[in-house]
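Novice: This is coords-v7.pdb (PDB, C-alpha atoms, pLDDT in the B column).
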MODEL        1
ATOM      1  CA  MET K   1      18.089  -8.799  57.958  1.00 65.00           C
ATOM      2  CA  LEU K   2      16.573  -5.676  59.504  1.00 63.00           C
ATOM      3  CA  ILE K   3      14.573  -7.750  61.972  1.00 70.00           C
ATOM      4  CA  TYR K   4      17.759  -9.388  63.226  1.00 69.00           C
ATOM      5  CA  LEU K   5      19.576  -6.063  63.476  1.00 70.00           C
ATOM      6  CA  GLN K   6      16.803  -4.652  65.656  1.00 75.00           C
ATOM      7  CA  MET K   7      17.604  -7.360  68.201  1.00 77.00           C
ATOM      8  CA  ILE K   8      21.216  -6.171  68.494  1.00 79.00           C
ATOM      9  CA  GLU K   9      22.069  -3.150  70.583  1.00 80.00           C
ATOM     10  CA  SER K  10      25.699  -2.254  69.805  1.00 85.00           C
ATOM     11  CA  GLU K  11      26.800  -1.007  66.396  1.00 89.00           C
ATOM     12  CA  GLU K  12      29.868  -3.251  66.556  1.00 88.00           C
ATOM     13  CA  ASP K  13      27.705  -6.356  66.970  1.00 87.00           C
ATOM     14  CA  GLN K  14      25.361  -5.150  64.221  1.00 87.00           C
ATOM     15  CA  SER K  15      28.327  -4.776  61.889  1.00 91.00           C
ATOM     16  CA  LYS K  16      29.600  -8.238  62.819  1.00 91.00           C
ATOM     17  CA  PHE K  17      26.169  -9.777  62.254  1.00 88.00           C
ATOM     18  CA  LYS K  18      25.780  -8.022  58.869  1.00 92.00           C
ATOM     19  CA  ALA K  19      29.111  -9.476  57.751  1.00 93.00           C
ATOM     20  CA  ILE K  20      28.138 -12.963  58.954  1.00 93.00           C
ATOM     21  CA  TYR K  21      24.737 -12.694  57.288  1.00 92.00           C
ATOM     22  CA  GLU K  22      26.153 -11.605  53.939  1.00 94.00           C
ATOM     23  CA  LYS K  23      28.953 -14.177  53.953  1.00 95.00           C
ATOM     24  CA  TYR K  24      27.013 -17.250  55.078  1.00 95.00           C
ATOM     25  CA  LYS K  25      23.316 -16.816  54.139  1.00 94.00           C
ATOM     26  CA  ASP K  26      23.610 -18.667  50.816  1.00 95.00           C
ATOM     27  CA  LEU K  27      25.676 -21.491  52.307  1.00 94.00           C
ATOM     28  CA  MET K  28      23.179 -21.836  55.143  1.00 94.00           C
ATOM     29  CA  PHE K  29      20.261 -22.068  52.735  1.00 95.00           C
ATOM     30  CA  TYR K  30      22.110 -24.636  50.610  1.00 95.00           C
ATOM     31  CA  VAL K  31      22.851 -26.818  53.658  1.00 93.00           C
ATOM     32  CA  ALA K  32      19.284 -26.609  54.988  1.00 93.00           C
ATOM     33  CA  ASN K  33      17.725 -27.283  51.582  1.00 93.00           C
ATOM     34  CA  ASP K  34      20.084 -30.231  51.055  1.00 91.00           C
ATOM     35  CA  ILE K  35      18.734 -31.807  54.245  1.00 90.00           C
ATOM     36  CA  LEU K  36      15.065 -30.844  53.974  1.00 90.00           C
ATOM     37  CA  HIS K  37      14.495 -30.832  50.190  1.00 90.00           C
ATOM     38  CA  ASN K  38      11.936 -28.065  50.691  1.00 90.00           C
ATOM     39  CA  GLU K  39      12.736 -24.383  50.157  1.00 93.00           C
ATOM     40  CA  HIS K  40      10.179 -23.070  52.656  1.00 92.00           C
ATOM     41  CA  ASP K  41      11.386 -25.374  55.419  1.00 92.00           C
ATOM     42  CA  ALA K  42      14.977 -24.521  54.527  1.00 93.00           C
ATOM     43  CA  GLU K  43      14.181 -20.822  54.992  1.00 94.00           C
ATOM     44  CA  ASP K  44      12.676 -21.621  58.401  1.00 93.00           C
ATOM     45  CA  ALA K  45      15.793 -23.574  59.387  1.00 94.00           C
ATOM     46  CA  VAL K  46      18.039 -20.701  58.293  1.00 94.00           C
ATOM     47  CA  HIS K  47      15.919 -18.244  60.279  1.00 93.00           C
ATOM     48  CA  GLN K  48      16.140 -20.427  63.409  1.00 92.00           C
ATOM     49  CA  ALA K  49      19.890 -20.771  62.887  1.00 93.00           C
ATOM     50  CA  PHE K  50      20.289 -16.990  62.623  1.00 92.00           C
ATOM     51  CA  LEU K  51      18.393 -16.605  65.900  1.00 90.00           C
ATOM     52  CA  SER K  52      20.814 -19.066  67.521  1.00 90.00           C
ATOM     53  CA  ILE K  53      23.753 -17.188  66.044  1.00 90.00           C
ATOM     54  CA  LEU K  54      22.362 -13.949  67.484  1.00 89.00           C
ATOM     55  CA  LYS K  55      22.264 -15.526  70.950  1.00 88.00           C
ATOM     56  CA  ASN K  56      25.863 -16.688  70.551  1.00 87.00           C
ATOM     57  CA  LEU K  57      27.264 -13.702  68.662  1.00 89.00           C
ATOM     58  CA  SER K  58      29.745 -12.921  71.427  1.00 88.00           C
ATOM     59  CA  LYS K  59      31.399 -16.318  70.823  1.00 87.00           C
ATOM     60  CA  ILE K  60      32.268 -15.456  67.227  1.00 89.00           C
ATOM     61  CA  PHE K  61      35.538 -13.573  67.067  1.00 90.00           C
ATOM     62  CA  GLU K  62      36.599 -13.889  63.443  1.00 93.00           C
ATOM     63  CA  ILE K  63      34.129 -14.019  60.577  1.00 92.00           C
ATOM     64  CA  ASN K  64      36.349 -15.502  57.864  1.00 92.00           C
ATOM     65  CA  CYS K  65      37.712 -18.553  59.622  1.00 91.00           C
ATOM     66  CA  PRO K  66      37.036 -22.291  59.495  1.00 90.00           C
ATOM     67  CA  LYS K  67      35.780 -22.400  63.095  1.00 91.00           C
ATOM     68  CA  THR K  68      33.111 -19.792  62.396  1.00 92.00           C
ATOM     69  CA  ARG K  69      32.096 -21.562  59.188  1.00 92.00           C
ATOM     70  CA  SER K  70      31.895 -24.873  61.042  1.00 91.00           C
ATOM     71  CA  PHE K  71      29.868 -23.318  63.851  1.00 91.00           C
ATOM     72  CA  ILE K  72      27.400 -21.736  61.433  1.00 93.00           C
ATOM     73  CA  VAL K  73      26.999 -24.887  59.334  1.00 92.00           C
ATOM     74  CA  ASN K  74      26.442 -26.879  62.529  1.00 91.00           C
ATOM     75  CA  MET K  75      23.751 -24.448  63.658  1.00 91.00           C
ATOM     76  CA  VAL K  76      21.823 -24.660  60.408  1.00 94.00           C
ATOM     77  CA  GLU K  77      22.211 -28.462  60.183  1.00 92.00           C
ATOM     78  CA  TRP K  78      20.801 -28.860  63.698  1.00 90.00           C
ATOM     79  CA  ARG K  79      17.860 -26.604  62.941  1.00 92.00           C
ATOM     80  CA  ALA K  80      17.144 -28.441  59.682  1.00 91.00           C
ATOM     81  CA  ILE K  81      17.325 -31.819  61.411  1.00 89.00           C
ATOM     82  CA  ASP K  82      15.014 -30.530  64.147  1.00 87.00           C
ATOM     83  CA  LEU K  83      12.488 -29.459  61.489  1.00 87.00           C
ATOM     84  CA  LEU K  84      12.805 -32.819  59.772  1.00 83.00           C
ATOM     85  CA  ARG K  85      12.174 -34.596  63.067  1.00 81.00           C
ATOM     86  CA  SER K  86       9.193 -32.396  63.894  1.00 79.00           C
ATOM     87  CA  ARG K  87       7.653 -33.354  60.542  1.00 73.00           C
ATOM     88  CA  THR K  88       8.009 -37.053  61.312  1.00 63.00           C
ATOM     89  CA  ARG K  89       7.117 -36.733  64.989  1.00 51.00           C
ATOM     90  CA  VAL K  90       3.426 -37.000  64.192  1.00 45.00           C
ATOM     91  CA  GLU K  91       4.048 -40.420  62.677  1.00 43.00           C
ATOM     92  CA  SER K  92       6.559 -41.656  65.234  1.00 39.00           C
ATOM     93  CA  VAL K  93       7.299 -40.498  68.755  1.00 40.00           C
ATOM     94  CA  GLU K  94      10.553 -42.432  69.121  1.00 46.00           C
ATOM     95  CA  TYR K  95      13.965 -40.854  68.568  1.00 45.00           C
ATOM     96  CA  ASN K  96      15.187 -41.735  65.105  1.00 47.00           C
ATOM     97  CA  ASP K  97      18.953 -42.175  64.777  1.00 48.00           C
ATOM     98  CA  GLU K  98      18.537 -42.697  61.038  1.00 50.00           C
ATOM     99  CA  ILE K  99      17.755 -39.020  60.380  1.00 49.00           C
ATOM    100  CA  THR K 100      20.902 -37.528  58.967  1.00 51.00           C
ATOM    101  CA  GLY K 101      22.154 -34.214  57.760  1.00 52.00           C
ATOM    102  CA  ARG K 102      24.568 -33.846  54.878  1.00 53.00           C
ATOM    103  CA  SER K 103      26.998 -36.579  54.066  1.00 53.00           C
ATOM    104  CA  ILE K 104      30.547 -35.472  53.410  1.00 53.00           C
ATOM    105  CA  PRO K 105      33.129 -37.208  51.242  1.00 50.00           C
ATOM    106  CA  LEU K 106      35.836 -39.230  52.934  1.00 49.00           C
ATOM    107  CA  PRO K 107      39.194 -37.429  52.906  1.00 52.00           C
ATOM    108  CA  GLY K 108      40.936 -40.727  52.084  1.00 57.00           C
ATOM    109  CA  ASP K 109      43.548 -40.703  54.840  1.00 59.00           C
ATOM    110  CA  HIS K 110      42.075 -43.841  56.493  1.00 61.00           C
ATOM    111  CA  GLY K 111      42.430 -42.167  59.856  1.00 71.00           C
ATOM    112  CA  LEU K 112      40.604 -39.739  62.088  1.00 76.00           C
ATOM    113  CA  ALA K 113      39.299 -37.575  59.232  1.00 77.00           C
ATOM    114  CA  ASP K 114      37.730 -40.587  57.500  1.00 78.00           C
ATOM    115  CA  ALA K 115      36.249 -41.807  60.773  1.00 82.00           C
ATOM    116  CA  MET K 116      34.792 -38.354  61.537  1.00 84.00           C
ATOM    117  CA  ALA K 117      33.324 -38.132  58.027  1.00 80.00           C
ATOM    118  CA  SER K 118      31.738 -41.568  58.514  1.00 83.00           C
ATOM    119  CA  LEU K 119      29.960 -40.578  61.726  1.00 86.00           C
ATOM    120  CA  PRO K 120      26.273 -39.688  61.614  1.00 88.00           C
ATOM    121  CA  PRO K 121      26.037 -35.887  61.177  1.00 85.00           C
ATOM    122  CA  GLN K 122      24.560 -35.260  64.639  1.00 87.00           C
ATOM    123  CA  TYR K 123      27.494 -37.093  66.255  1.00 89.00           C
ATOM    124  CA  ARG K 124      30.034 -35.336  64.051  1.00 88.00           C
ATOM    125  CA  GLN K 125      28.506 -31.968  64.885  1.00 87.00           C
ATOM    126  CA  VAL K 126      28.505 -32.435  68.643  1.00 90.00           C
ATOM    127  CA  LEU K 127      32.127 -33.629  68.576  1.00 90.00           C
ATOM    128  CA  LEU K 128      33.185 -30.669  66.440  1.00 87.00           C
ATOM    129  CA  LEU K 129      31.377 -28.182  68.664  1.00 87.00           C
ATOM    130  CA  ARG K 130      32.841 -29.771  71.779  1.00 88.00           C
ATOM    131  CA  TYR K 131      36.418 -30.527  70.794  1.00 86.00           C
ATOM    132  CA  ASP K 132      37.156 -28.403  67.731  1.00 83.00           C
ATOM    133  CA  ASN K 133      35.297 -25.261  68.772  1.00 83.00           C
ATOM    134  CA  GLY K 134      35.812 -25.753  72.519  1.00 84.00           C
ATOM    135  CA  TYR K 135      32.234 -25.272  73.720  1.00 86.00           C
ATOM    136  CA  SER K 136      31.090 -26.850  76.968  1.00 88.00           C
ATOM    137  CA  THR K 137      28.213 -29.317  76.987  1.00 89.00           C
ATOM    138  CA  GLY K 138      26.061 -26.667  78.657  1.00 88.00           C
ATOM    139  CA  GLU K 139      26.841 -24.144  75.906  1.00 86.00           C
ATOM    140  CA  ILE K 140      26.172 -26.714  73.193  1.00 88.00           C
ATOM    141  CA  GLY K 141      22.880 -27.591  74.863  1.00 87.00           C
ATOM    142  CA  LYS K 142      21.812 -23.934  74.833  1.00 85.00           C
ATOM    143  CA  MET K 143      22.823 -23.545  71.182  1.00 83.00           C
ATOM    144  CA  LEU K 144      20.944 -26.644  70.111  1.00 81.00           C
ATOM    145  CA  GLY K 145      17.966 -26.334  72.427  1.00 83.00           C
ATOM    146  CA  LYS K 146      18.829 -29.556  74.215  1.00 86.00           C
ATOM    147  CA  SER K 147      19.556 -30.358  77.849  1.00 89.00           C
ATOM    148  CA  GLN K 148      23.121 -30.656  79.059  1.00 89.00           C
ATOM    149  CA  ALA K 149      22.460 -34.312  79.897  1.00 89.00           C
ATOM    150  CA  ALA K 150      21.280 -34.978  76.333  1.00 91.00           C
ATOM    151  CA  VAL K 151      24.427 -33.372  74.931  1.00 91.00           C
ATOM    152  CA  GLN K 152      26.624 -35.382  77.310  1.00 92.00           C
ATOM    153  CA  LYS K 153      24.913 -38.614  76.276  1.00 93.00           C
ATOM    154  CA  MET K 154      25.213 -37.734  72.608  1.00 92.00           C
ATOM    155  CA  THR K 155      28.921 -36.955  73.112  1.00 93.00           C
ATOM    156  CA  GLU K 156      29.461 -40.324  74.792  1.00 93.00           C
ATOM    157  CA  ARG K 157      27.704 -42.128  71.946  1.00 93.00           C
ATOM    158  CA  ALA K 158      29.659 -40.175  69.348  1.00 92.00           C
ATOM    159  CA  LYS K 159      32.991 -40.973  71.001  1.00 92.00           C
ATOM    160  CA  ARG K 160      32.072 -44.651  71.286  1.00 92.00           C
ATOM    161  CA  GLU K 161      31.072 -44.755  67.605  1.00 92.00           C
ATOM    162  CA  LEU K 162      34.284 -42.927  66.625  1.00 89.00           C
ATOM    163  CA  ARG K 163      36.359 -45.403  68.631  1.00 89.00           C
ATOM    164  CA  ILE K 164      34.660 -48.324  66.834  1.00 88.00           C
ATOM    165  CA  LEU K 165      35.292 -46.750  63.418  1.00 86.00           C
ATOM    166  CA  LEU K 166      38.947 -46.094  64.243  1.00 85.00           C
ATOM    167  CA  GLU K 167      39.454 -49.657  65.473  1.00 85.00           C
ATOM    168  CA  LYS K 168      37.959 -50.973  62.211  1.00 83.00           C
ATOM    169  CA  GLU K 169      40.507 -48.876  60.298  1.00 77.00           C
ATOM    170  CA  GLY K 170      43.286 -50.275  62.506  1.00 76.00           C
ATOM    171  CA  VAL K 171      44.148 -46.877  63.980  1.00 69.00           C
ATOM    172  CA  VAL K 172      45.772 -47.177  67.403  1.00 66.00           C
ATOM    173  CA  ILE K 173      43.785 -45.263  70.011  1.00 61.00           C
TER
ENDMDL
END
What's the structure tokens form of this structure?

Specialist:
Amino acid sequence: MLIYLQMIESEEDQSKFKAIYEKYKDLMFYVANDILHNEHDAEDAVHQAFLSILKNLSKIFEINCPKTRSFIVNMVEWRAIDLLRSRTRVESVEYNDEITGRSIPLPGDHGLADAMASLPPQYRQVLLLRYDNGYSTGEIGKMLGKSQAAVQKMTERAKRELRILLEKEGVVI
């Protein structure tokens, strides 16, 4: 943690980061290890996620809230998926839509929550960052290390997939 704190200038931000680190480090490791199934890679993913959190620390206002938890889990999932892709990139250069993060149980309401839970994790994450957390596509691109165009395309695909899932459930759009 000391390395991260050296990157932060103000004491207020250092205090905020310490609280985030202590509250979420175990959850972050669990999420990364669940995706990667390798403790060393999971530690790398958590480290990369903490670096992203440092860059976006000013966007976190409340530490103990669902939005912050969602943001942090999204960051670590993206980093873990990126590591997973980089491992397979040697074998295949094509983008692989089959690479997934953590699956989540269906809430059972047969509506939007079920449809969101059924989305591939990368689609669910971009929709949550965009519409639940209110980040712009440019901000999401910076957080995830992707271009704004890539985030826009991913958002379009996610919305199209969500629409299809909702229509299958008979939910009026």

Novice: What are the closest atom pairs, with distances in Å to one decimal, for each residue of region 127-157 of chain K lying within 8 Å of region 69-86 of chain K, using all atoms listed in the file, rows by chain and rising residue number, as JSON lines?

Specialist:
{"residue": "K:Leu129", "atom": "CA", "partner": "K:Phe71", "partner_atom": "CA", "distance": 7.0}
{"residue": "K:Asn133", "atom": "CA", "partner": "K:Phe71", "partner_atom": "CA", "distance": 7.6}
{"residue": "K:Met143", "atom": "CA", "partner": "K:Met75", "partner_atom": "CA", "distance": 7.6}
{"residue": "K:Leu144", "atom": "CA", "partner": "K:Trp78", "partner_atom": "CA", "distance": 6.8}

Novice: From the list K:Met28, K:Lys168, K:His37, K:Ser52, which residue is nearest Gly141 (chain K) when using all atoms listed in the file?

Specialist: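 Distance minimum relative to Gly141 (chain K) lands on K:Ser52.
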
Novice: Pick out the closest residue to Tyr135 (chain K) from this set: K:Leu162, K:Ile60, K:Val31, K:Ala117. Count all atoms listed in the file.

Specialist: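 Going through K:Leu162, K:Ile60, K:Val31, K:Ala117 one by one, the smallest distance to Tyr135 (chain K) is for K:Ile60.
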
Novice: With only C-alpha atoms as the counted atoms, please give the residues lying no more than 12 Å from Lys25 (chain K), apart from itself and same-chain residues fewer than 4 positions off, as JSON, numbers by chain.

Specialist: {"K": [1, 17, 18, 19, 20, 21, 29, 30, 31, 32, 42, 43, 45, 46, 47, 49, 50, 53, 69, 72, 73, 76]}

Novice: Write the residues of the preceding selection, restricted to C-alpha atoms, as an mmCIF file, in the frame of the given file.

Specialist:
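Output (out22.cif):
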data_model
loop_
_atom_site.group_PDB
_atom_site.id
_atom_site.type_symbol
_atom_site.label_atom_id
_atom_site.label_comp_id
_atom_site.auth_asym_id
_atom_site.auth_seq_id
_atom_site.Cartn_x
_atom_site.Cartn_y
_atom_site.Cartn_z
ATOM 1 C CA MET K 1 18.089 -8.799 57.958
ATOM 2 C CA PHE K 17 26.169 -9.777 62.254
ATOM 3 C CA LYS K 18 25.780 -8.022 58.869
ATOM 4 C CA ALA K 19 29.111 -9.476 57.751
ATOM 5 C CA ILE K 20 28.138 -12.963 58.954
ATOM 6 C CA TYR K 21 24.737 -12.694 57.288
ATOM 7 C CA PHE K 29 20.261 -22.068 52.735
ATOM 8 C CA TYR K 30 22.110 -24.636 50.610
ATOM 9 C CA VAL K 31 22.851 -26.818 53.658
ATOM 10 C CA ALA K 32 19.284 -26.609 54.988
ATOM 11 C CA ALA K 42 14.977 -24.521 54.527
ATOM 12 C CA GLU K 43 14.181 -20.822 54.992
ATOM 13 C CA ALA K 45 15.793 -23.574 59.387
ATOM 14 C CA VAL K 46 18.039 -20.701 58.293
ATOM 15 C CA HIS K 47 15.919 -18.244 60.279
ATOM 16 C CA ALA K 49 19.890 -20.771 62.887
ATOM 17 C CA PHE K 50 20.289 -16.990 62.623
ATOM 18 C CA ILE K 53 23.753 -17.188 66.044
ATOM 19 C CA ARG K 69 32.096 -21.562 59.188
ATOM 20 C CA ILE K 72 27.400 -21.736 61.433
ATOM 21 C CA VAL K 73 26.999 -24.887 59.334
ATOM 22 C CA VAL K 76 21.823 -24.660 60.408
#

Novice: Counting only C-alpha atoms, which residue out of K:Gln122, K:Ser10, K:Leu112, K:Asp132 sits closest to Thr68 (chain K)?

Specialist: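 Closest candidate: K:Asp132.
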
Novice: Any idea what the distance is between CA of Leu5 (chain K) and CA of Leu54 (chain K)?

Specialist: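 These atoms are spaced 9.3 Å apart.
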
Novice: May I ask for the distance between CA of Gln152 (chain K) and CA of Arg87 (chain K), given in Å to one decimal place?

Specialist: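 Separating CA of Gln152 (chain K) from CA of Arg87 (chain K) is a distance of 25.4 Å.
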
Novice: For CA of Leu51 (chain K) and CA of Gly138 (chain K), quote the distance in Å rounded to one decimal.

Specialist: 18.0 Å

Novice: Identify which of the residues K:Val151, K:Leu119, K:Leu128, K:Ile140 lies closest to Asn56 (chain K), counting all atoms listed in the file when measuring atom-to-atom distances.

Specialist: K:Ile140

Novice: Let me make sure I understand: among K:Ala150, K:Leu57, K:Leu127, K:Ile63, which one has the smallest atom-to-atom distance to Glu22 (chain K) if we use only C-alpha atoms?

Specialist: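 Under the stated criterion, the closest residue is K:Ile63.
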
Novice: Please return the centre and edge lengths, in Å to one decimal, of a box with edges along x, y and z that contains all listed atoms of region 58-72 of chain K, widened by 4 Å on every side, as JSON.

Specialist:
{"center_x": 32.6, "center_y": -18.9, "center_z": 64.6, "size_x": 18.3, "size_y": 20.0, "size_z": 21.6}

Novice: Rank K:Arg163, K:Lys55, K:Lys16, K:Lys23 by their smallest atom-to-atom distance to Gly111 (chain K), using all atoms listed in the file, and report the top residue only.

Specialist: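 Of K:Arg163, K:Lys55, K:Lys16, K:Lys23, the one nearest Gly111 (chain K), counting all atoms listed in the file, is K:Arg163.
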